[in-house]
>>> print(open('final10.csv').read())   # CSV, C-alpha atoms and all ligand atoms
chain,number,residue,atom,x,y,z
A,1,MET,CA,8.1,-26.8,15.4
A,2,ILE,CA,5.8,-25.5,12.7
A,3,VAL,CA,7.0,-22.9,10.1
A,4,GLU,CA,4.4,-21.0,8.0
A,5,ALA,CA,4.9,-18.4,5.3
A,6,ALA,CA,3.0,-15.1,5.8
A,7,PRO,CA,3.2,-13.7,2.2
A,8,ALA,CA,2.8,-10.1,1.3
A,9,LYS,CA,-0.8,-9.4,0.2
A,10,ILE,CA,-1.1,-7.3,-2.9
A,11,ASN,CA,-4.4,-5.6,-4.0
A,12,LEU,CA,-3.7,-5.7,-7.7
A,13,ALA,CA,-7.0,-3.8,-8.0
A,14,LEU,CA,-9.1,-2.3,-5.2
A,15,HIS,CA,-12.5,-0.7,-6.0
A,16,VAL,CA,-14.5,0.9,-3.2
A,17,ILE,CA,-18.1,0.4,-4.2
A,18,GLY,CA,-20.1,1.6,-1.3
A,19,ARG,CA,-20.3,2.1,2.4
A,20,ARG,CA,-22.2,0.2,5.2
A,21,ALA,CA,-24.2,1.9,7.9
A,22,ASP,CA,-21.5,1.1,10.4
A,23,GLY,CA,-18.9,3.1,8.3
A,24,TYR,CA,-17.0,0.1,6.8
A,25,HIS,CA,-16.6,0.3,3.1
A,26,LEU,CA,-17.7,-2.3,0.5
A,27,LEU,CA,-14.8,-3.4,-1.6
A,28,ASP,CA,-14.2,-5.3,-4.8
A,29,SER,CA,-10.6,-6.4,-5.0
A,30,LEU,CA,-8.3,-8.7,-6.9
A,31,VAL,CA,-5.8,-9.9,-4.4
A,32,ALA,CA,-2.6,-11.9,-5.0
A,33,PHE,CA,0.1,-13.0,-2.7
A,34,ALA,CA,3.9,-12.6,-3.3
A,35,GLU,CA,6.6,-15.1,-2.8
A,36,ALA,CA,8.2,-12.5,-0.4
A,37,GLY,CA,6.8,-12.1,3.1
A,38,ASP,CA,7.2,-12.6,6.8
A,39,VAL,CA,7.8,-16.0,8.4
A,40,ILE,CA,6.0,-17.4,11.4
A,41,THR,CA,7.4,-20.2,13.6
A,42,LEU,CA,5.3,-21.9,16.3
A,43,SER,CA,7.0,-24.0,18.9
A,44,ASP,CA,6.4,-25.5,22.3
A,45,GLY,CA,6.0,-23.0,25.1
A,46,THR,CA,4.5,-19.5,25.3
A,47,GLY,CA,5.6,-16.0,24.5
A,48,PHE,CA,6.4,-13.9,21.4
A,49,ALA,CA,9.7,-13.0,19.8
A,50,VAL,CA,10.3,-10.9,16.8
A,51,CYS,CA,13.4,-10.6,14.5
A,52,GLY,CA,14.0,-9.3,11.0
A,53,PRO,CA,14.5,-5.9,9.3
A,54,PHE,CA,11.2,-4.4,10.5
A,55,ALA,CA,11.2,-6.0,14.0
A,56,ASP,CA,11.4,-2.6,15.7
A,57,ASP,CA,8.0,-1.5,14.2
A,58,VAL,CA,6.0,-4.5,15.5
A,59,PRO,CA,3.9,-4.0,18.7
A,60,THR,CA,5.0,-6.8,21.0
A,61,GLY,CA,2.2,-6.6,23.6
A,62,GLY,CA,-1.0,-8.7,23.7
A,63,ASP,CA,-2.5,-6.7,20.9
A,64,ASN,CA,0.0,-8.1,18.4
A,65,LEU,CA,-2.0,-9.8,15.7
A,66,CYS,CA,-0.1,-13.0,16.0
A,67,LEU,CA,-1.0,-13.4,19.7
A,68,ARG,CA,-4.6,-12.3,19.0
A,69,ALA,CA,-4.9,-15.0,16.4
A,70,LEU,CA,-3.4,-17.6,18.7
A,71,ARG,CA,-5.9,-16.6,21.4
A,72,LEU,CA,-8.8,-16.7,19.0
A,73,ALA,CA,-7.7,-20.2,17.9
A,74,GLY,CA,-7.5,-21.3,21.5
A,75,ALA,CA,-4.0,-22.6,20.9
A,76,GLU,CA,-0.9,-22.3,23.1
A,77,ALA,CA,2.5,-21.9,21.6
A,78,ARG,CA,5.6,-19.8,21.4
A,79,VAL,CA,5.4,-17.5,18.4
A,80,GLN,CA,8.5,-16.3,16.5
A,81,LEU,CA,7.9,-13.6,13.8
A,82,ASP,CA,10.6,-12.9,11.2
A,83,LYS,CA,9.3,-9.4,10.2
A,84,ARG,CA,10.5,-8.8,6.6
A,85,LEU,CA,7.7,-6.6,5.4
A,86,PRO,CA,7.2,-3.0,6.3
A,87,VAL,CA,4.5,-2.3,8.9
A,88,ALA,CA,1.3,-0.3,8.2
A,89,ALA,CA,2.2,-0.5,4.6
A,90,GLY,CA,-1.0,-1.7,2.7
A,91,ILE,CA,0.4,-5.2,2.1
A,92,GLY,CA,-1.4,-6.9,5.0
A,93,GLY,CA,1.6,-7.7,7.1
A,94,GLY,CA,-0.2,-8.1,10.3
A,95,SER,CA,-3.2,-9.8,8.8
A,96,SER,CA,-1.0,-12.2,6.8
A,97,ASP,CA,1.0,-13.0,10.1
A,98,ALA,CA,-2.3,-13.7,11.9
A,99,ALA,CA,-3.5,-15.9,9.1
A,100,ALA,CA,-0.2,-17.8,9.1
A,101,VAL,CA,-0.6,-18.4,12.9
A,102,LEU,CA,-4.1,-19.7,12.3
A,103,ARG,CA,-2.8,-22.1,9.5
A,104,ALA,CA,0.0,-23.2,11.8
A,105,ALA,CA,-2.5,-23.8,14.7
A,106,ARG,CA,-4.7,-25.8,12.3
A,107,ARG,CA,-1.7,-28.0,11.6
A,108,MET,CA,-1.4,-28.5,15.4
A,109,GLY,CA,-5.1,-29.7,15.3
A,110,GLN,CA,-6.9,-26.5,16.3
A,111,PRO,CA,-9.9,-25.7,14.1
A,112,VAL,CA,-9.9,-22.4,12.3
A,113,PRO,CA,-12.2,-20.0,14.4
A,114,PRO,CA,-15.4,-19.0,12.6
A,115,ASP,CA,-15.1,-15.2,13.2
A,116,LEU,CA,-11.9,-14.4,11.3
A,117,ALA,CA,-13.0,-10.8,10.6
A,118,ALA,CA,-12.7,-10.2,14.3
A,119,LEU,CA,-9.0,-9.9,13.6
A,120,GLY,CA,-9.5,-7.5,10.7
A,121,ALA,CA,-11.2,-7.1,7.3
A,122,ASP,CA,-8.1,-8.6,5.5
A,123,LEU,CA,-8.0,-11.8,7.6
A,124,PRO,CA,-10.4,-13.9,5.4
A,125,VAL,CA,-8.5,-13.2,2.2
A,126,CYS,CA,-5.2,-13.9,3.9
A,127,MET,CA,-6.5,-17.3,4.9
A,128,ALA,CA,-6.9,-18.0,1.1
A,129,ALA,CA,-3.1,-17.5,0.5
A,130,PRO,CA,-1.0,-18.2,-1.4
A,131,GLY,CA,-3.5,-18.4,-4.3
A,132,PRO,CA,-5.1,-15.3,-5.8
A,133,ALA,CA,-8.6,-14.4,-4.7
A,134,ARG,CA,-11.4,-11.9,-5.3
A,135,MET,CA,-12.4,-10.1,-2.1
A,136,ARG,CA,-15.8,-8.5,-1.7
A,137,GLY,CA,-18.1,-7.2,1.0
A,138,ILE,CA,-15.9,-5.5,3.6
A,139,GLY,CA,-13.5,-8.4,3.1
A,140,GLU,CA,-15.5,-11.3,4.4
A,141,GLN,CA,-16.5,-12.6,1.0
A,142,VAL,CA,-13.5,-14.4,-0.6
A,143,THR,CA,-13.5,-16.4,-3.8
A,144,PRO,CA,-10.3,-18.2,-4.7
A,145,LEU,CA,-9.6,-17.7,-8.4
A,146,ALA,CA,-8.5,-20.3,-10.9
A,147,GLY,CA,-6.5,-19.7,-14.0
A,148,LEU,CA,-4.5,-16.7,-13.0
A,149,PRO,CA,-0.7,-16.6,-13.9
A,150,ALA,CA,2.2,-15.5,-11.8
A,151,LEU,CA,3.3,-11.9,-12.3
A,152,HIS,CA,6.8,-10.4,-11.9
A,153,LEU,CA,6.7,-7.3,-9.7
A,154,VAL,CA,8.6,-4.9,-7.6
A,155,LEU,CA,7.3,-3.7,-4.3
A,156,VAL,CA,8.4,-0.2,-3.2
A,157,ASN,CA,7.6,1.4,0.1
A,158,PRO,CA,8.8,5.0,0.8
A,159,ARG,CA,9.1,4.2,4.6
A,160,GLN,CA,6.1,6.3,5.5
A,161,PRO,CA,3.5,4.4,7.5
A,162,LEU,CA,-0.1,5.1,6.7
A,163,ALA,CA,-3.1,4.4,9.0
A,164,THR,CA,-5.8,2.6,7.1
A,165,PRO,CA,-8.7,4.5,8.8
A,166,ALA,CA,-7.2,7.8,7.8
A,167,VAL,CA,-6.9,6.8,4.2
A,168,PHE,CA,-10.6,5.6,4.1
A,169,ALA,CA,-11.6,8.9,5.8
A,170,ALA,CA,-9.8,10.9,3.0
A,171,LEU,CA,-11.7,9.1,0.3
A,172,LYS,CA,-13.9,11.5,-1.8
A,173,SER,CA,-16.1,9.1,-3.8
A,174,ARG,CA,-17.4,6.1,-2.0
A,175,GLU,CA,-19.7,4.8,-4.7
A,176,ASN,CA,-17.6,3.5,-7.6
A,177,ALA,CA,-18.0,0.8,-10.2
A,178,PRO,CA,-17.0,-2.7,-9.3
A,179,LEU,CA,-14.3,-4.7,-11.1
A,180,PRO,CA,-15.0,-5.3,-14.8
A,181,PRO,CA,-15.7,-9.0,-15.7
A,182,LEU,CA,-12.5,-11.0,-15.1
A,183,PRO,CA,-10.7,-12.5,-18.1
A,184,LEU,CA,-10.7,-16.2,-18.8
A,185,ALA,CA,-7.4,-17.8,-18.0
A,186,PRO,CA,-5.2,-14.8,-19.2
A,187,ASP,CA,-1.5,-14.9,-19.6
A,188,ALA,CA,0.6,-12.4,-17.7
A,189,GLY,CA,0.3,-9.8,-20.5
A,190,GLY,CA,-3.5,-10.3,-20.7
A,191,LEU,CA,-3.9,-9.9,-16.9
A,192,THR,CA,-1.7,-6.8,-16.9
A,193,GLU,CA,-3.9,-5.3,-19.7
A,194,TRP,CA,-7.1,-6.1,-17.8
A,195,LEU,CA,-5.6,-4.6,-14.6
A,196,ALA,CA,-4.8,-1.4,-16.5
A,197,GLY,CA,-8.6,-0.9,-16.8
A,198,CYS,CA,-9.0,-1.2,-13.0
A,199,ARG,CA,-8.1,1.1,-10.2
A,200,ASN,CA,-7.1,1.4,-6.6
A,201,ASP,CA,-9.7,3.9,-5.3
A,202,LEU,CA,-7.6,4.5,-2.2
A,203,GLN,CA,-4.6,5.7,-4.2
A,204,ALA,CA,-5.7,9.3,-4.6
A,205,PRO,CA,-6.7,9.8,-0.9
A,206,ALA,CA,-3.4,8.1,0.2
A,207,ILE,CA,-1.4,10.5,-2.1
A,208,SER,CA,-3.2,13.4,-0.5
A,209,LEU,CA,-1.9,12.2,2.9
A,210,ALA,CA,1.5,11.1,1.7
A,211,PRO,CA,2.5,12.8,-1.6
A,212,VAL,CA,5.7,10.7,-1.9
A,213,ILE,CA,3.5,7.9,-3.1
A,214,ALA,CA,3.1,9.8,-6.4
A,215,GLU,CA,6.9,9.9,-6.7
A,216,VAL,CA,7.1,6.1,-6.1
A,217,LEU,CA,4.6,5.4,-8.8
A,218,ALA,CA,6.4,7.7,-11.2
A,219,ALA,CA,9.8,6.1,-10.4
A,220,LEU,CA,8.3,2.6,-11.1
A,221,GLU,CA,7.0,3.8,-14.4
A,222,ALA,CA,10.4,5.4,-15.2
A,223,GLN,CA,11.9,2.0,-14.6
A,224,GLY,CA,9.7,0.5,-17.3
A,225,ALA,CA,6.8,-1.0,-15.2
A,226,ARG,CA,4.0,-2.0,-17.4
A,227,LEU,CA,1.6,-1.0,-14.6
A,228,ALA,CA,2.4,0.9,-11.4
A,229,ARG,CA,-0.3,1.1,-8.6
A,230,MET,CA,-0.6,1.3,-4.9
A,231,SER,CA,-1.6,-1.7,-2.8
A,232,GLY,CA,-4.3,-1.5,-0.1
A,233,SER,CA,-4.4,1.7,1.8
A,234,GLY,CA,-0.7,2.3,1.0
A,235,ALA,CA,1.9,3.4,1.0
A,236,THR,CA,3.5,0.4,-0.7
A,237,CYS,CA,3.2,0.4,-4.5
A,238,PHE,CA,3.9,-2.3,-7.0
A,239,GLY,CA,5.2,-2.2,-10.5
A,240,LEU,CA,4.5,-5.1,-12.9
A,241,PHE,CA,7.4,-6.2,-15.1
A,242,PRO,CA,7.6,-8.7,-18.0
A,243,THR,CA,10.5,-10.7,-16.6
A,244,ALA,CA,12.3,-11.5,-13.3
A,245,LYS,CA,15.5,-9.9,-14.8
A,246,ALA,CA,13.6,-6.6,-15.5
A,247,ALA,CA,12.1,-6.6,-12.0
A,248,ASP,CA,15.5,-7.3,-10.4
A,249,ALA,CA,17.1,-4.4,-12.3
A,250,ALA,CA,14.3,-2.0,-11.3
A,251,ALA,CA,14.4,-3.0,-7.7
A,252,GLN,CA,18.1,-2.4,-7.6
A,253,ALA,CA,17.8,1.0,-9.3
A,254,LEU,CA,15.0,2.0,-6.8
A,255,SER,CA,17.0,0.9,-3.8
A,256,VAL,CA,19.4,3.8,-4.2
A,257,ARG,CA,16.9,6.0,-2.5
A,258,ASP,CA,15.9,5.5,1.1
A,259,TRP,CA,13.1,3.3,-0.1
A,260,TRP,CA,12.4,-0.3,0.6
A,261,ALA,CA,12.4,-2.0,-2.8
A,262,LEU,CA,12.0,-5.7,-3.5
A,263,ALA,CA,11.7,-7.8,-6.7
A,264,THR,CA,9.3,-10.8,-6.2
A,265,ARG,CA,6.6,-12.7,-8.0
A,266,THR,CA,3.0,-13.4,-7.2
A,267,HIS,CA,1.8,-17.0,-6.7
A,268,PRO,CA,-0.3,-18.2,-9.6
A,269,SER,CA,-3.6,-20.0,-9.1
A,270,PRO,CA,-3.1,-23.6,-7.9
A,271,ALA,CA,-1.9,-25.8,-10.8
A,272,GLN,CA,-4.7,-28.3,-10.7
A,273,ARG,CA,-7.1,-25.4,-11.4
A,274,GLU,CA,-5.2,-23.8,-14.2
A,275,GLY,CA,-7.1,-23.4,-17.4
A,276,ARG,CA,-10.5,-23.3,-15.8
A,277,ARG,CA,-12.8,-20.4,-15.8
A,278,VAL,CA,-11.6,-17.5,-13.7
A,279,GLN,CA,-14.8,-15.7,-12.9
A,280,PRO,CA,-16.8,-17.3,-10.1
A,301,LIG,C1,-7.6,-1.6,2.9
A,301,LIG,C2,-7.3,-3.0,2.9
A,301,LIG,C3,-7.6,-3.7,1.5
A,301,LIG,O1,-7.2,-5.0,1.5
A,301,LIG,O2,-5.9,-3.4,3.1
A,301,LIG,P1,-4.7,-2.7,4.0
A,301,LIG,O3,-4.4,-1.4,3.5
A,301,LIG,O4,-5.1,-2.7,5.4
A,301,LIG,O5,-3.5,-3.7,3.7
A,301,LIG,C4,-8.2,-3.7,4.0
A,301,LIG,O6,-9.5,-3.6,3.6
A,301,LIG,C5,-8.0,-3.3,5.4
A,301,LIG,O7,-8.1,-4.4,6.2
A,301,LIG,P2,-7.6,-4.4,7.7
A,301,LIG,O8,-6.3,-3.6,7.8
A,301,LIG,O9,-7.6,-5.8,8.2
A,301,LIG,O10,-8.7,-3.5,8.3
A,301,LIG,P3,-9.4,-3.4,9.7
A,301,LIG,O11,-8.4,-3.5,10.8
A,301,LIG,O12,-10.6,-4.4,9.8
A,301,LIG,O13,-10.0,-2.0,9.7
A,301,LIG,C6,-9.2,-0.8,9.9
A,301,LIG,C7,-10.1,0.4,9.5
A,301,LIG,O14,-10.2,0.5,8.1
A,301,LIG,C8,-11.4,0.9,7.7
A,301,LIG,N1,-12.0,-0.1,6.8
A,301,LIG,C9,-11.5,-1.3,6.7
A,301,LIG,C10,-12.0,-2.3,5.8
A,301,LIG,C11,-13.2,-1.9,5.1
A,301,LIG,N2,-13.7,-2.8,4.2
A,301,LIG,N3,-13.7,-0.7,5.2
A,301,LIG,C12,-13.2,0.2,6.1
A,301,LIG,O15,-13.7,1.4,6.2
A,301,LIG,C13,-12.2,1.2,9.0
A,301,LIG,O16,-12.0,2.5,9.3
A,301,LIG,C14,-11.5,0.3,10.0
A,301,LIG,O17,-11.7,0.8,11.3
A,302,LIG,N1,2.3,-8.9,13.5
A,302,LIG,C1,2.1,-7.6,13.1
A,302,LIG,N2,2.8,-7.1,12.1
A,302,LIG,C2,2.5,-5.9,11.7
A,302,LIG,N3,1.7,-5.0,12.3
A,302,LIG,C3,1.0,-5.4,13.3
A,302,LIG,C4,1.2,-6.7,13.8
A,302,LIG,N4,0.4,-6.9,14.8
A,302,LIG,C5,-0.3,-5.7,15.0
A,302,LIG,N5,0.1,-4.8,14.1
A,302,LIG,C6,-0.4,-3.4,14.0
A,302,LIG,O1,-1.3,-3.5,12.8
A,302,LIG,C7,-1.3,-2.2,12.1
A,302,LIG,C8,-1.4,-2.4,10.6
A,302,LIG,O2,-0.2,-3.0,10.2
A,302,LIG,P1,-0.1,-3.9,8.8
A,302,LIG,O3,-1.0,-5.1,8.9
A,302,LIG,O4,1.3,-4.1,8.6
A,302,LIG,O5,-0.6,-2.8,7.8
A,302,LIG,P2,-1.8,-2.7,6.7
A,302,LIG,O6,-3.1,-2.9,7.4
A,302,LIG,O7,-1.6,-1.4,6.1
A,302,LIG,O8,-1.6,-3.8,5.7
A,302,LIG,C9,0.0,-1.5,12.5
A,302,LIG,O9,-0.3,-0.3,13.0
A,302,LIG,C10,0.6,-2.4,13.6
A,302,LIG,O10,0.9,-1.6,14.8
>>> encode(input="final10.csv", output="structure tokens")
Amino acid sequence: MIVEAAPAKINLALHVIGRRADGYHLLDSLVAFAEAGDVITLSDGTGFAVCGPFADDVPTGGDNLCLRALRLAGAEARVQLDKRLPVAAGIGGGSSDAAAVLRAARRMGQPVPPDLAALGADLPVCMAAPGPARMRGIGEQVTPLAGLPALHLVLVNPRQPLATPAVFAALKSRENAPLPPLPLAPDAGGLTEWLAGCRNDLQAPAISLAPVIAEVLAALEAQGARLARMSGSGATCFGLFPTAKAADAAAQALSVRDWWALATRTHPSPAQREGRRVQP
């Protein structure tokens, strides 16, 4: 039996910097992974089973991203998914699950298939988990980043699923500036300050489709978040907090509404690379 974490993917910054002829958008994103996430278990046999708080929202047919990943890897196994993350929520649940299946299959001796993007634009970055990475192109260019600290954060989802294509379609400006130069080995405060100068260009179009996102961001700020921003194509937002205690208190306060709220922490860059230059 092989157990793999499928951590929540968080686009700490997501700049849309152009569009390809095929309609896919060119991105420049700083991605981190949370300690919180789904859990994948591969065991002998075949088939797919799902449990957990968001199990009912997972498609269980052959189009499930876990099974598609298993097929792409040419592996045979029984897949159990503990679905702890909301679905269609901008935190890469399906992509992170698929990447976890591929990592588990690799541990079983199956090579990682070359065409990861066949499973979605977020697959390559999810294979870099749990360390933070910069994602460019349409998602296929991934650079693991050294020297980034862990951040305390609260994830909040207003339980309104958003379809990624609809959010991209609602985008008004497709040619925006890339990320500014990344800081050298910042501490959590320095990284938060740098992030404040960045954006999620999908936030405004997502709010136009789901205005409750603006309420979530305002609620995170009211709880003292040093920065509140949406992840991916939404609707999940994150708030950055200075301590685990402050994040726990905010998550508790935000749980009184019918929202999913969770205090967690991002994984820092791998320890052996700490202190080296961040910018590739
Ligand atoms: C927006 C992001 C940011 O990390 O995250 P999520 O909101 O999905 O978590 C990703 O780029 C999403 O990745 P993923 O969800 O794997 O996307 P895909 O299945 O490949 O594409 C879904 C649809 O999104 C649009 N799309 C996706 C990626 C991209 N670079 N440009 C696009 O225009 C296209 O309309 C595509 O048909
Ligand atoms: N294992 C899975 N977990 C979640 N969603 C999945 C999975 N497999 C397929 N999907 C489909 O992928 C779509 C995107 O879901 P998800 O990856 O959670 O969101 P996002 O792309 O916004 O991060 C959903 O509409 C869902 O039906």
>>> atom_distance(input="final10.csv", atom1="CA of Arg78 in chain A", atom2="CA of Glu140 in chain A")
28.4 Å
>>> residues_near_point(input="final10.csv", point="(-2.6, -16.1, 12.8)", cutoff="7 Å", atoms="only C-alpha atoms", output="PyMOL selection string")
chain A and resi 65-66+69-70+97-103
>>> closest_residue(input="final10.csv", among="A:Ala177, A:Ala249, A:Val142, A:Cys126", to="Ile91 in chain A", atoms="only C-alpha atoms")
A:Cys126
>>> residues_around(input="final10.csv", residues="range 158-161 of chain A", least_positions_apart="3", cutoff="6 Å", atoms="all atoms listed in the file", output="list of chain:residue names")
A:Ala88, A:Ala89, A:Trp259
>>> atom_distance(input="final10.csv", atom1="atom O6 of ligand LIG 302 (chain A)", atom2="CA of Gly92 in chain A")
5.0 Å
>>> closest_residue(input="final10.csv", among="A:Leu155, A:Leu14, A:Ala36, A:Leu81", to="ligand LIG 302 (chain A)", atoms="all atoms listed in the file")
A:Leu81
>>> closest_atom_pairs(input="final10.csv", of="chain A", to="ligand LIG 302 (chain A)", cutoff="10 Å", atoms="all atoms listed in the file", output="Markdown table")
| residue | atom | partner | partner_atom | distance |
| --- | --- | --- | --- | --- |
| A:Ala6 | CA | A:LIG302 | N1 | 9.9 |
| A:Ala8 | CA | A:LIG302 | O8 | 8.9 |
| A:Lys9 | CA | A:LIG302 | O8 | 7.9 |
| A:Ile10 | CA | A:LIG302 | O8 | 9.3 |
| A:Asp38 | CA | A:LIG302 | N2 | 8.8 |
| A:Ile40 | CA | A:LIG302 | N1 | 9.5 |
| A:Val50 | CA | A:LIG302 | N1 | 8.9 |
| A:Phe54 | CA | A:LIG302 | C2 | 8.9 |
| A:Ala55 | CA | A:LIG302 | N2 | 8.7 |
| A:Asp57 | CA | A:LIG302 | O10 | 7.1 |
| A:Val58 | CA | A:LIG302 | N2 | 5.3 |
| A:Pro59 | CA | A:LIG302 | O10 | 5.5 |
| A:Thr60 | CA | A:LIG302 | N4 | 7.7 |
| A:Gly61 | CA | A:LIG302 | N4 | 9.0 |
| A:Gly62 | CA | A:LIG302 | N4 | 9.2 |
| A:Asp63 | CA | A:LIG302 | C5 | 6.4 |
| A:Asn64 | CA | A:LIG302 | N4 | 3.8 |
| A:Leu65 | CA | A:LIG302 | N4 | 3.9 |
| A:Cys66 | CA | A:LIG302 | N1 | 5.4 |
| A:Leu67 | CA | A:LIG302 | N4 | 8.3 |
| A:Arg68 | CA | A:LIG302 | N4 | 8.5 |
| A:Ala69 | CA | A:LIG302 | N4 | 9.8 |
| A:Leu81 | CA | A:LIG302 | N1 | 7.3 |
| A:Asp82 | CA | A:LIG302 | N1 | 9.5 |
| A:Lys83 | CA | A:LIG302 | N2 | 7.2 |
| A:Arg84 | CA | A:LIG302 | N2 | 9.6 |
| A:Leu85 | CA | A:LIG302 | O4 | 7.6 |
| A:Pro86 | CA | A:LIG302 | O4 | 6.4 |
| A:Val87 | CA | A:LIG302 | O4 | 3.7 |
| A:Ala88 | CA | A:LIG302 | O5 | 3.2 |
| A:Ala89 | CA | A:LIG302 | O7 | 4.2 |
| A:Gly90 | CA | A:LIG302 | O7 | 3.5 |
| A:Ile91 | CA | A:LIG302 | O8 | 4.3 |
| A:Gly92 | CA | A:LIG302 | O8 | 3.2 |
| A:Gly93 | CA | A:LIG302 | O4 | 3.9 |
| A:Gly94 | CA | A:LIG302 | O3 | 3.4 |
| A:Ser95 | CA | A:LIG302 | O3 | 5.2 |
| A:Ser96 | CA | A:LIG302 | O3 | 7.4 |
| A:Asp97 | CA | A:LIG302 | N1 | 5.5 |
| A:Ala98 | CA | A:LIG302 | N1 | 6.8 |
| A:Val101 | CA | A:LIG302 | N1 | 10.0 |
| A:Leu119 | CA | A:LIG302 | C5 | 9.8 |
| A:Gly120 | CA | A:LIG302 | O6 | 8.5 |
| A:Ala121 | CA | A:LIG302 | O6 | 9.1 |
| A:Asp122 | CA | A:LIG302 | O6 | 7.8 |
| A:Leu123 | CA | A:LIG302 | O3 | 9.8 |
| A:Pro161 | CA | A:LIG302 | O7 | 7.8 |
| A:Leu162 | CA | A:LIG302 | O7 | 6.7 |
| A:Ala163 | CA | A:LIG302 | O7 | 6.7 |
| A:Thr164 | CA | A:LIG302 | O7 | 5.9 |
| A:Pro165 | CA | A:LIG302 | O6 | 9.4 |
| A:Val167 | CA | A:LIG302 | O7 | 9.9 |
| A:Ser231 | CA | A:LIG302 | O8 | 8.8 |
| A:Gly232 | CA | A:LIG302 | O7 | 6.8 |
| A:Ser233 | CA | A:LIG302 | O7 | 6.0 |
| A:Gly234 | CA | A:LIG302 | O7 | 6.4 |
| A:Ala235 | CA | A:LIG302 | O7 | 7.8 |
| A:Thr236 | CA | A:LIG302 | O7 | 8.7 |
>>> closest_residue(input="final10.csv", among="A:Ala170, A:Leu148, A:Cys51, A:Val16", to="Ala210 in chain A", atoms="only C-alpha atoms")
A:Ala170
>>> residues_around(input="final10.csv", residues="Val3 in chain A", least_positions_apart="5", cutoff="9 Å", atoms="all atoms listed in the file", output="list in words")
Val39, Ile40, Thr41, Leu42, Ser43, Ala100 and Ala104 of chain A
>>> closest_residue(input="final10.csv", among="A:Gly239, A:Pro124, A:Gly197, A:Pro268", to="ligand LIG 301 (chain A)", atoms="all atoms listed in the file")
A:Pro124
